[in-house]
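Pasted below: upload30.tsv, TSV, C-alpha atoms.
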chain	number	residue	atom	x	y	z
U	1	ASP	CA	138.22	48.40	-116.90
U	2	SER	CA	135.03	46.78	-118.19
U	3	GLY	CA	133.13	50.06	-118.41
U	4	VAL	CA	130.52	48.88	-115.89
U	5	THR	CA	130.50	51.01	-112.76
U	6	GLN	CA	129.14	49.90	-109.42
U	7	THR	CA	128.72	51.85	-106.22
U	8	PRO	CA	129.36	51.58	-103.38
U	9	LYS	CA	132.36	49.25	-103.46
U	10	HIS	CA	132.00	48.33	-99.81
U	11	LEU	CA	129.05	48.56	-97.47
U	12	ILE	CA	128.59	47.46	-93.88
U	13	THR	CA	125.11	47.56	-92.40
U	14	ALA	CA	123.08	46.01	-89.61
U	15	THR	CA	120.49	43.28	-89.82
U	16	GLY	CA	117.03	44.56	-90.64
U	17	GLN	CA	118.32	47.53	-92.59
U	18	ARG	CA	117.84	48.40	-96.24
U	19	VAL	CA	120.52	49.25	-98.79
U	20	THR	CA	120.61	50.27	-102.43
U	21	LEU	CA	123.33	49.21	-104.84
U	22	ARG	CA	123.80	51.19	-108.01
U	23	CYS	CA	125.07	50.19	-111.43
U	24	SER	CA	125.92	52.16	-114.56
U	25	PRO	CA	126.21	49.91	-117.61
U	26	ARG	CA	128.68	50.26	-120.43
U	27	SER	CA	127.80	52.97	-122.89
U	28	GLY	CA	125.29	51.62	-125.39
U	29	ASP	CA	124.43	48.45	-123.45
U	30	LEU	CA	120.69	48.03	-122.95
U	31	SER	CA	120.81	44.93	-120.75
U	32	VAL	CA	121.71	44.95	-117.08
U	33	TYR	CA	122.15	41.85	-114.95
U	34	TRP	CA	122.51	41.40	-111.20
U	35	TYR	CA	124.33	38.48	-109.59
U	36	GLN	CA	125.06	37.47	-106.03
U	37	GLN	CA	128.26	35.66	-105.09
U	38	SER	CA	128.66	34.38	-101.55
U	39	LEU	CA	132.02	33.33	-100.15
U	40	ASP	CA	133.51	30.48	-102.17
U	41	GLN	CA	130.34	30.06	-104.14
U	42	GLY	CA	129.40	30.56	-107.73
U	43	LEU	CA	127.53	33.40	-109.31
U	44	GLN	CA	123.82	33.24	-108.67
U	45	PHE	CA	121.68	35.02	-111.23
U	46	LEU	CA	119.22	37.40	-109.60
U	47	ILE	CA	117.54	39.46	-112.30
U	48	GLN	CA	117.95	40.97	-115.75
U	49	TYR	CA	116.58	44.15	-117.27
U	50	TYR	CA	116.49	45.14	-120.90
U	51	ASN	CA	115.87	48.77	-121.83
U	52	GLY	CA	113.95	49.44	-118.64
U	53	GLU	CA	111.87	46.28	-118.61
U	54	GLU	CA	112.37	43.20	-116.48
U	55	ARG	CA	113.44	40.40	-118.82
U	56	ALA	CA	114.43	37.44	-116.67
U	57	LYS	CA	114.22	36.56	-113.04
U	58	GLY	CA	116.44	34.15	-111.18
U	59	ASN	CA	116.72	33.26	-107.53
U	60	ILE	CA	115.91	36.72	-106.25
U	61	LEU	CA	114.36	36.92	-102.80
U	62	GLU	CA	111.13	38.83	-102.26
U	63	ARG	CA	113.06	41.16	-99.92
U	64	PHE	CA	115.14	42.21	-102.92
U	65	SER	CA	113.97	44.34	-105.80
U	66	ALA	CA	115.57	46.05	-108.74
U	67	GLN	CA	114.78	48.49	-111.48
U	68	GLN	CA	116.36	50.00	-114.56
U	69	PHE	CA	115.84	53.68	-115.16
U	70	PRO	CA	115.36	55.56	-118.46
U	71	ASP	CA	119.05	56.49	-118.50
U	72	LEU	CA	119.72	52.71	-118.27
U	73	HIS	CA	121.38	52.74	-114.89
U	74	SER	CA	120.04	50.17	-112.47
U	75	GLU	CA	119.55	49.85	-108.76
U	76	LEU	CA	119.27	46.74	-106.61
U	77	ASN	CA	117.39	47.28	-103.36
U	78	LEU	CA	117.97	44.86	-100.50
U	79	SER	CA	115.68	45.17	-97.50
U	80	SER	CA	115.20	43.48	-94.12
U	81	LEU	CA	118.79	42.40	-94.40
U	82	GLU	CA	119.94	39.18	-92.82
U	83	LEU	CA	123.42	37.93	-92.02
U	84	GLY	CA	123.16	35.49	-94.91
U	85	ASP	CA	122.77	38.35	-97.36
U	86	SER	CA	126.44	39.21	-96.90
U	87	ALA	CA	127.98	38.69	-100.31
U	88	LEU	CA	129.56	40.28	-103.30
U	89	TYR	CA	126.90	41.69	-105.61
U	90	PHE	CA	127.83	42.09	-109.24
U	91	CYS	CA	126.21	44.08	-111.94
U	92	ALA	CA	126.89	43.28	-115.57
U	93	SER	CA	125.79	44.69	-118.88
U	94	SER	CA	125.63	43.53	-122.45
U	95	VAL	CA	124.56	44.66	-125.87
U	96	ASP	CA	123.82	41.30	-127.50
U	97	LEU	CA	122.48	39.16	-124.62
U	98	ASN	CA	125.32	36.70	-125.09
U	99	THR	CA	128.53	38.32	-123.96
U	100	ILE	CA	128.32	40.27	-120.76
U	101	TYR	CA	130.79	42.48	-118.95
U	102	PHE	CA	131.03	42.74	-115.20
U	103	GLY	CA	131.58	45.57	-112.82
U	104	GLU	CA	133.96	45.24	-109.90
U	105	GLY	CA	131.18	44.38	-107.49
U	106	SER	CA	129.76	45.77	-104.28
U	107	TRP	CA	130.84	44.06	-101.08
U	108	LEU	CA	127.95	43.91	-98.64
U	109	THR	CA	128.58	42.91	-95.07
U	110	VAL	CA	125.59	42.54	-92.76
U	111	VAL	CA	126.46	42.54	-89.07
R	1	THR	CA	119.36	22.05	-110.51
R	2	GLN	CA	122.67	23.28	-111.84
R	3	LEU	CA	122.40	23.65	-115.58
R	4	LEU	CA	126.11	24.10	-116.23
R	5	GLU	CA	128.36	21.62	-114.46
R	6	GLN	CA	132.09	22.16	-114.42
R	7	SER	CA	134.77	19.66	-113.62
R	8	PRO	CA	137.00	19.44	-111.82
R	9	GLN	CA	135.89	21.77	-109.04
R	10	PHE	CA	139.42	22.21	-107.75
R	11	LEU	CA	142.74	21.67	-109.44
R	12	SER	CA	146.22	22.16	-108.04
R	13	ILE	CA	149.08	21.55	-110.43
R	14	GLN	CA	152.75	22.32	-110.87
R	15	GLU	CA	153.99	25.03	-113.20
R	16	GLY	CA	154.51	23.65	-116.69
R	17	GLU	CA	151.78	21.00	-116.54
R	18	ASN	CA	148.82	20.88	-118.89
R	19	LEU	CA	145.20	20.79	-117.77
R	20	THR	CA	141.68	20.62	-119.13
R	21	VAL	CA	138.52	22.01	-117.57
R	22	TYR	CA	135.13	20.77	-118.70
R	23	CYS	CA	131.77	22.50	-118.83
R	24	ASN	CA	128.76	20.26	-119.43
R	25	SER	CA	125.05	20.74	-119.76
R	26	SER	CA	121.96	18.91	-120.94
R	27	SER	CA	120.75	22.19	-122.43
R	28	VAL	CA	121.71	23.70	-125.74
R	29	PHE	CA	123.34	27.10	-125.74
R	30	SER	CA	123.54	29.52	-128.63
R	31	SER	CA	127.01	30.39	-127.37
R	32	LEU	CA	129.19	29.81	-124.37
R	33	GLN	CA	131.60	32.14	-122.70
R	34	TRP	CA	134.58	31.47	-120.46
R	35	TYR	CA	135.54	33.88	-117.71
R	36	ARG	CA	138.36	34.10	-115.22
R	37	GLN	CA	137.76	35.62	-111.83
R	38	GLU	CA	140.31	36.81	-109.29
R	39	PRO	CA	139.32	36.97	-105.59
R	40	GLY	CA	137.20	40.04	-104.84
R	41	GLU	CA	136.95	41.08	-108.47
R	42	GLY	CA	134.40	40.66	-111.22
R	43	PRO	CA	134.71	37.89	-113.81
R	44	VAL	CA	136.72	38.87	-116.87
R	45	LEU	CA	135.64	37.54	-120.24
R	46	LEU	CA	138.23	35.30	-121.91
R	47	VAL	CA	136.43	34.04	-124.99
R	48	THR	CA	133.08	33.41	-126.65
R	49	VAL	CA	132.46	30.26	-128.69
R	50	VAL	CA	129.47	30.27	-130.99
R	51	THR	CA	129.60	27.50	-133.60
R	52	GLY	CA	129.35	23.82	-132.71
R	53	GLY	CA	132.81	22.27	-132.96
R	54	GLU	CA	134.51	25.65	-132.86
R	55	VAL	CA	138.02	25.86	-131.46
R	56	LYS	CA	139.54	29.13	-130.34
R	57	LYS	CA	143.04	29.74	-129.10
R	58	LEU	CA	144.18	32.49	-126.79
R	59	LYS	CA	147.94	32.13	-126.30
R	60	ARG	CA	148.30	28.99	-124.14
R	61	LEU	CA	144.53	28.59	-123.71
R	62	THR	CA	142.46	26.51	-126.14
R	63	PHE	CA	138.68	26.61	-125.99
R	64	GLN	CA	136.37	24.17	-127.72
R	65	PHE	CA	132.60	24.18	-128.15
R	66	GLY	CA	130.94	20.79	-128.46
R	67	ASP	CA	129.33	19.81	-131.74
R	68	ALA	CA	125.89	19.76	-130.12
R	69	ARG	CA	126.53	23.10	-128.35
R	70	LYS	CA	125.88	21.51	-124.96
R	71	ASP	CA	129.43	21.41	-123.65
R	72	SER	CA	132.76	23.14	-123.81
R	73	SER	CA	136.32	22.65	-122.66
R	74	LEU	CA	139.24	24.84	-121.73
R	75	HIS	CA	142.75	23.45	-122.14
R	76	ILE	CA	145.76	25.25	-120.71
R	77	THR	CA	149.19	24.30	-121.96
R	78	ALA	CA	152.26	24.74	-119.76
R	79	ALA	CA	150.36	26.36	-116.91
R	80	GLN	CA	151.96	29.26	-115.09
R	81	PRO	CA	151.32	30.68	-111.60
R	82	GLY	CA	149.65	33.64	-113.26
R	83	ASP	CA	146.92	31.30	-114.51
R	84	THR	CA	145.74	30.77	-110.94
R	85	GLY	CA	142.13	31.78	-110.50
R	86	LEU	CA	138.49	30.76	-110.75
R	87	TYR	CA	137.43	29.72	-114.25
R	88	LEU	CA	133.76	29.97	-115.10
R	89	CYS	CA	131.80	28.95	-118.13
R	90	ALA	CA	128.55	30.75	-118.83
R	91	GLY	CA	125.84	31.05	-121.39
R	92	ALA	CA	122.38	32.31	-122.25
R	93	LEU	CA	119.65	29.68	-122.10
R	94	ARG	CA	117.68	29.09	-125.27
R	95	ASP	CA	114.45	28.33	-123.42
R	96	GLY	CA	112.96	31.77	-123.92
R	97	THR	CA	113.84	32.95	-120.41
R	98	TYR	CA	116.92	34.96	-121.45
R	99	LYS	CA	118.63	33.82	-118.27
R	100	TYR	CA	122.40	34.09	-118.45
R	101	ILE	CA	123.77	31.46	-116.12
R	102	PHE	CA	127.18	30.47	-114.84
R	103	GLY	CA	128.79	27.13	-114.31
R	104	THR	CA	129.81	25.82	-110.93
R	105	GLY	CA	133.38	27.01	-111.44
R	106	THR	CA	136.83	25.46	-111.42
R	107	ARG	CA	139.33	26.84	-108.95
R	108	LEU	CA	142.82	26.45	-110.36
R	109	LYS	CA	146.04	26.85	-108.43
R	110	VAL	CA	149.35	26.65	-110.25
R	111	LEU	CA	152.34	26.13	-108.01
R	112	ALA	CA	155.73	27.55	-108.89

Show this structure as structure tokens.
Amino acid sequence: DSGVTQTPKHLITATGQRVTLRCSPRSGDLSVYWYQQSLDQGLQFLIQYYNGEERAKGNILERFSAQQFPDLHSELNLSSLELGDSALYFCASSVDLNTIYFGEGSWLTVV
Amino acid sequence: TQLLEQSPQFLSIQEGENLTVYCNSSSVFSSLQWYRQEPGEGPVLLVTVVTGGEVKKLKRLTFQFGDARKDSSLHITAAQPGDTGLYLCAGALRDGTYKYIFGTGTRLKVLA
């Protein structure tokens, strides 16, 4: 158990819909990261927050947005969903910006 | 542009063989991490290497950080079926962006 909690674990939704993925970082970790992993592909960095502020942005689509709240949990919002958005979405957290710990992921299936 | 290239991409070997996985970049990293990922699960941190030239051992796994901190290798001695998985190197860029990126991955299968 890494200490990073993600919900929901599985989600099936229709194209055009909007979903929210939630992440609770490890206790004491100020940084939260979001990654997307499609089938048989590597981890694509989406976005990073540090203590509530956006710190780094990767290949995140405009249809996607994220935020980190004062209690340090984070949410990733995915809207106008397309079939190609089906993937495993990981949240990770870290305290020192170098070593990060991953949650178990949220499986999103868009049908 | 993939900033962290791993090789080989796929590796299938017999139990008891040795193997080396490489992680290369043209960028300098303050540290590199190696992770192992099982299907449907999050990556699990194996090791962090920080100092150029550093070598760390974790049972049958030996990790090395290049002198210039641009590359790293993972050597597994006497591989076992339990070593099967996706191995990923990762690191935080030192270009001021704070992006933490992953390598392309090496999918290892160890046959009994």

Using all atoms listed in the file, pick whichever of U:Pro25, U:Pro70, U:Gly52, U:Gly42 has the shortest atom-to-atom distance to chain R.
U:Gly42

Spatial neighbours of stretch 33-39 of chain R, max dist 10 Å, all atoms listed in the file, sep filter under 4 positions, as a PyMOL selection string
(chain U and resi 39-40+98-101) or (chain R and resi 23+43-50+63+65+72-74+83-92+102-103+105-107)

Please identify all residues of chain U having at least one atom at most 10 Å from any atom of chain R, considering only C-alpha atoms, and return them as a PyMOL selection string.
chain U and resi 1-2+33+35+37+39-48+55-58+88-92+97-107

Generate a file of the selected residues that holds C-alpha atoms, formatted as a PDB file, keeping the file's coordinate frame.
ATOM      1  CA  ASP U   1     138.220  48.400-116.900  1.00  0.00           C
ATOM      2  CA  SER U   2     135.030  46.780-118.190  1.00  0.00           C
ATOM      3  CA  TYR U  33     122.150  41.850-114.950  1.00  0.00           C
ATOM      4  CA  TYR U  35     124.330  38.480-109.590  1.00  0.00           C
ATOM      5  CA  GLN U  37     128.260  35.660-105.090  1.00  0.00           C
ATOM      6  CA  LEU U  39     132.020  33.330-100.150  1.00  0.00           C
ATOM      7  CA  ASP U  40     133.510  30.480-102.170  1.00  0.00           C
ATOM      8  CA  GLN U  41     130.340  30.060-104.140  1.00  0.00           C
ATOM      9  CA  GLY U  42     129.400  30.560-107.730  1.00  0.00           C
ATOM     10  CA  LEU U  43     127.530  33.400-109.310  1.00  0.00           C
ATOM     11  CA  GLN U  44     123.820  33.240-108.670  1.00  0.00           C
ATOM     12  CA  PHE U  45     121.680  35.020-111.230  1.00  0.00           C
ATOM     13  CA  LEU U  46     119.220  37.400-109.600  1.00  0.00           C
ATOM     14  CA  ILE U  47     117.540  39.460-112.300  1.00  0.00           C
ATOM     15  CA  GLN U  48     117.950  40.970-115.750  1.00  0.00           C
ATOM     16  CA  ARG U  55     113.440  40.400-118.820  1.00  0.00           C
ATOM     17  CA  ALA U  56     114.430  37.440-116.670  1.00  0.00           C
ATOM     18  CA  LYS U  57     114.220  36.560-113.040  1.00  0.00           C
ATOM     19  CA  GLY U  58     116.440  34.150-111.180  1.00  0.00           C
ATOM     20  CA  LEU U  88     129.560  40.280-103.300  1.00  0.00           C
ATOM     21  CA  TYR U  89     126.900  41.690-105.610  1.00  0.00           C
ATOM     22  CA  PHE U  90     127.830  42.090-109.240  1.00  0.00           C
ATOM     23  CA  CYS U  91     126.210  44.080-111.940  1.00  0.00           C
ATOM     24  CA  ALA U  92     126.890  43.280-115.570  1.00  0.00           C
ATOM     25  CA  LEU U  97     122.480  39.160-124.620  1.00  0.00           C
ATOM     26  CA  ASN U  98     125.320  36.700-125.090  1.00  0.00           C
ATOM     27  CA  THR U  99     128.530  38.320-123.960  1.00  0.00           C
ATOM     28  CA  ILE U 100     128.320  40.270-120.760  1.00  0.00           C
ATOM     29  CA  TYR U 101     130.790  42.480-118.950  1.00  0.00           C
ATOM     30  CA  PHE U 102     131.030  42.740-115.200  1.00  0.00           C
ATOM     31  CA  GLY U 103     131.580  45.570-112.820  1.00  0.00           C
ATOM     32  CA  GLU U 104     133.960  45.240-109.900  1.00  0.00           C
ATOM     33  CA  GLY U 105     131.180  44.380-107.490  1.00  0.00           C
ATOM     34  CA  SER U 106     129.760  45.770-104.280  1.00  0.00           C
ATOM     35  CA  TRP U 107     130.840  44.060-101.080  1.00  0.00           C
TER      36      TRP U 107
END

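Atom CA of R:Gln9 is positioned 23.3 Å from atom CA of U:Ser86.
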
Near-R:Val110 list (12 Å; all atoms listed in the file; drop same-chain fewer than 6 positions) as a VMD selection string
chain R and resid 10 to 19 76 to 86

Nearest to U:Cys23, restricted to only C-alpha atoms and choosing among U:Glu54, U:Leu76, U:His10, U:Ser38, comes out as U:Leu76

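Using all atoms listed in the file for every distance, the candidate list R:Thr62, R:Asn24, R:Thr51, R:Gln6 yields R:Thr62 as the residue closest to R:His75.
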
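Taking atom CA of U:Val111 as the reference point, atom CA of U:Ile60 is found at 21.0 Å.
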
Near-R:Ser27 list (9 Å; only C-alpha atoms; drop same-chain fewer than 3 positions) as an MDAnalysis selection string
chainID R and resid 3:4 24 69:71 93:95

How would stretch 79-90 of chain U read, as a PDB file, in the frame of the given file, once all heavy atoms are built in?
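Writing done, so here's selection.pdb:
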ATOM      1  N   SER U  79     116.318  44.710 -98.730  1.00  0.00           N
ATOM      2  CA  SER U  79     115.680  45.170 -97.500  1.00  0.00           C
ATOM      3  C   SER U  79     115.613  44.043 -96.477  1.00  0.00           C
ATOM      4  O   SER U  79     115.841  42.863 -96.798  1.00  0.00           O
ATOM      5  CB  SER U  79     114.276  45.697 -97.806  1.00  0.00           C
ATOM      6  OG  SER U  79     113.477  44.678 -98.352  1.00  0.00           O
ATOM      7  N   SER U  80     115.284  44.437 -95.245  1.00  0.00           N
ATOM      8  CA  SER U  80     115.200  43.480 -94.120  1.00  0.00           C
ATOM      9  C   SER U  80     116.397  42.553 -94.128  1.00  0.00           C
ATOM     10  O   SER U  80     116.280  41.325 -94.098  1.00  0.00           O
ATOM     11  CB  SER U  80     113.901  42.667 -94.212  1.00  0.00           C
ATOM     12  OG  SER U  80     112.773  43.511 -94.200  1.00  0.00           O
ATOM     13  N   LEU U  81     117.563  43.165 -94.187  1.00  0.00           N
ATOM     14  CA  LEU U  81     118.790  42.400 -94.400  1.00  0.00           C
ATOM     15  C   LEU U  81     119.057  41.397 -93.299  1.00  0.00           C
ATOM     16  O   LEU U  81     118.808  41.659 -92.106  1.00  0.00           O
ATOM     17  CB  LEU U  81     119.972  43.351 -94.545  1.00  0.00           C
ATOM     18  CG  LEU U  81     120.021  44.063 -95.895  1.00  0.00           C
ATOM     19  CD1 LEU U  81     121.009  45.214 -95.849  1.00  0.00           C
ATOM     20  CD2 LEU U  81     120.383  43.099 -97.005  1.00  0.00           C
ATOM     21  N   GLU U  82     119.567  40.251 -93.722  1.00  0.00           N
ATOM     22  CA  GLU U  82     119.940  39.180 -92.820  1.00  0.00           C
ATOM     23  C   GLU U  82     121.433  38.911 -92.979  1.00  0.00           C
ATOM     24  O   GLU U  82     122.041  39.290 -93.982  1.00  0.00           O
ATOM     25  CB  GLU U  82     119.130  37.922 -93.150  1.00  0.00           C
ATOM     26  CG  GLU U  82     117.629  38.127 -93.072  1.00  0.00           C
ATOM     27  CD  GLU U  82     116.853  36.897 -93.535  1.00  0.00           C
ATOM     28  OE1 GLU U  82     117.494  35.904 -93.942  1.00  0.00           O
ATOM     29  OE2 GLU U  82     115.603  36.947 -93.476  1.00  0.00           O
ATOM     30  N   LEU U  83     121.987  38.222 -91.971  1.00  0.00           N
ATOM     31  CA  LEU U  83     123.420  37.930 -92.020  1.00  0.00           C
ATOM     32  C   LEU U  83     123.786  37.189 -93.305  1.00  0.00           C
ATOM     33  O   LEU U  83     124.839  37.415 -93.896  1.00  0.00           O
ATOM     34  CB  LEU U  83     123.826  37.101 -90.802  1.00  0.00           C
ATOM     35  CG  LEU U  83     123.694  37.789 -89.440  1.00  0.00           C
ATOM     36  CD1 LEU U  83     124.068  36.817 -88.319  1.00  0.00           C
ATOM     37  CD2 LEU U  83     124.550  39.033 -89.369  1.00  0.00           C
ATOM     38  N   GLY U  84     122.898  36.307 -93.731  1.00  0.00           N
ATOM     39  CA  GLY U  84     123.160  35.490 -94.910  1.00  0.00           C
ATOM     40  C   GLY U  84     123.152  36.268 -96.214  1.00  0.00           C
ATOM     41  O   GLY U  84     123.505  35.721 -97.258  1.00  0.00           O
ATOM     42  N   ASP U  85     122.756  37.521 -96.151  1.00  0.00           N
ATOM     43  CA  ASP U  85     122.770  38.350 -97.360  1.00  0.00           C
ATOM     44  C   ASP U  85     124.157  38.919 -97.638  1.00  0.00           C
ATOM     45  O   ASP U  85     124.381  39.524 -98.693  1.00  0.00           O
ATOM     46  CB  ASP U  85     121.766  39.501 -97.250  1.00  0.00           C
ATOM     47  CG  ASP U  85     120.332  39.010 -97.116  1.00  0.00           C
ATOM     48  OD1 ASP U  85     120.015  37.950 -97.698  1.00  0.00           O
ATOM     49  OD2 ASP U  85     119.542  39.683 -96.424  1.00  0.00           O
ATOM     50  N   SER U  86     125.063  38.745 -96.700  1.00  0.00           N
ATOM     51  CA  SER U  86     126.440  39.210 -96.900  1.00  0.00           C
ATOM     52  C   SER U  86     127.027  38.495 -98.108  1.00  0.00           C
ATOM     53  O   SER U  86     127.048  37.264 -98.161  1.00  0.00           O
ATOM     54  CB  SER U  86     127.285  38.923 -95.664  1.00  0.00           C
ATOM     55  OG  SER U  86     126.827  39.663 -94.552  1.00  0.00           O
ATOM     56  N   ALA U  87     127.480  39.273 -99.056  1.00  0.00           N
ATOM     57  CA  ALA U  87     127.980  38.690-100.310  1.00  0.00           C
ATOM     58  C   ALA U  87     128.552  39.789-101.166  1.00  0.00           C
ATOM     59  O   ALA U  87     128.484  40.981-100.837  1.00  0.00           O
ATOM     60  CB  ALA U  87     126.844  37.986-101.055  1.00  0.00           C
ATOM     61  N   LEU U  88     129.105  39.349-102.277  1.00  0.00           N
ATOM     62  CA  LEU U  88     129.560  40.280-103.300  1.00  0.00           C
ATOM     63  C   LEU U  88     128.459  40.342-104.354  1.00  0.00           C
ATOM     64  O   LEU U  88     128.031  39.307-104.873  1.00  0.00           O
ATOM     65  CB  LEU U  88     130.861  39.746-103.891  1.00  0.00           C
ATOM     66  CG  LEU U  88     131.706  40.630-104.797  1.00  0.00           C
ATOM     67  CD1 LEU U  88     132.008  41.957-104.157  1.00  0.00           C
ATOM     68  CD2 LEU U  88     132.991  39.911-105.145  1.00  0.00           C
ATOM     69  N   TYR U  89     127.982  41.519-104.628  1.00  0.00           N
ATOM     70  CA  TYR U  89     126.900  41.690-105.610  1.00  0.00           C
ATOM     71  C   TYR U  89     127.488  42.319-106.857  1.00  0.00           C
ATOM     72  O   TYR U  89     128.084  43.388-106.821  1.00  0.00           O
ATOM     73  CB  TYR U  89     125.785  42.558-105.037  1.00  0.00           C
ATOM     74  CG  TYR U  89     125.031  41.852-103.942  1.00  0.00           C
ATOM     75  CD1 TYR U  89     125.493  41.872-102.624  1.00  0.00           C
ATOM     76  CD2 TYR U  89     123.877  41.126-104.220  1.00  0.00           C
ATOM     77  CE1 TYR U  89     124.826  41.191-101.616  1.00  0.00           C
ATOM     78  CE2 TYR U  89     123.197  40.448-103.223  1.00  0.00           C
ATOM     79  CZ  TYR U  89     123.683  40.482-101.924  1.00  0.00           C
ATOM     80  OH  TYR U  89     123.024  39.795-100.934  1.00  0.00           O
ATOM     81  N   PHE U  90     127.294  41.619-107.964  1.00  0.00           N
ATOM     82  CA  PHE U  90     127.830  42.090-109.240  1.00  0.00           C
ATOM     83  C   PHE U  90     126.713  42.572-110.141  1.00  0.00           C
ATOM     84  O   PHE U  90     125.640  41.980-110.220  1.00  0.00           O
ATOM     85  CB  PHE U  90     128.565  40.965-109.968  1.00  0.00           C
ATOM     86  CG  PHE U  90     129.900  40.624-109.393  1.00  0.00           C
ATOM     87  CD1 PHE U  90     130.067  39.458-108.672  1.00  0.00           C
ATOM     88  CD2 PHE U  90     130.983  41.457-109.584  1.00  0.00           C
ATOM     89  CE1 PHE U  90     131.303  39.136-108.132  1.00  0.00           C
ATOM     90  CE2 PHE U  90     132.220  41.143-109.055  1.00  0.00           C
ATOM     91  CZ  PHE U  90     132.378  39.973-108.322  1.00  0.00           C
TER      92      PHE U  90
END
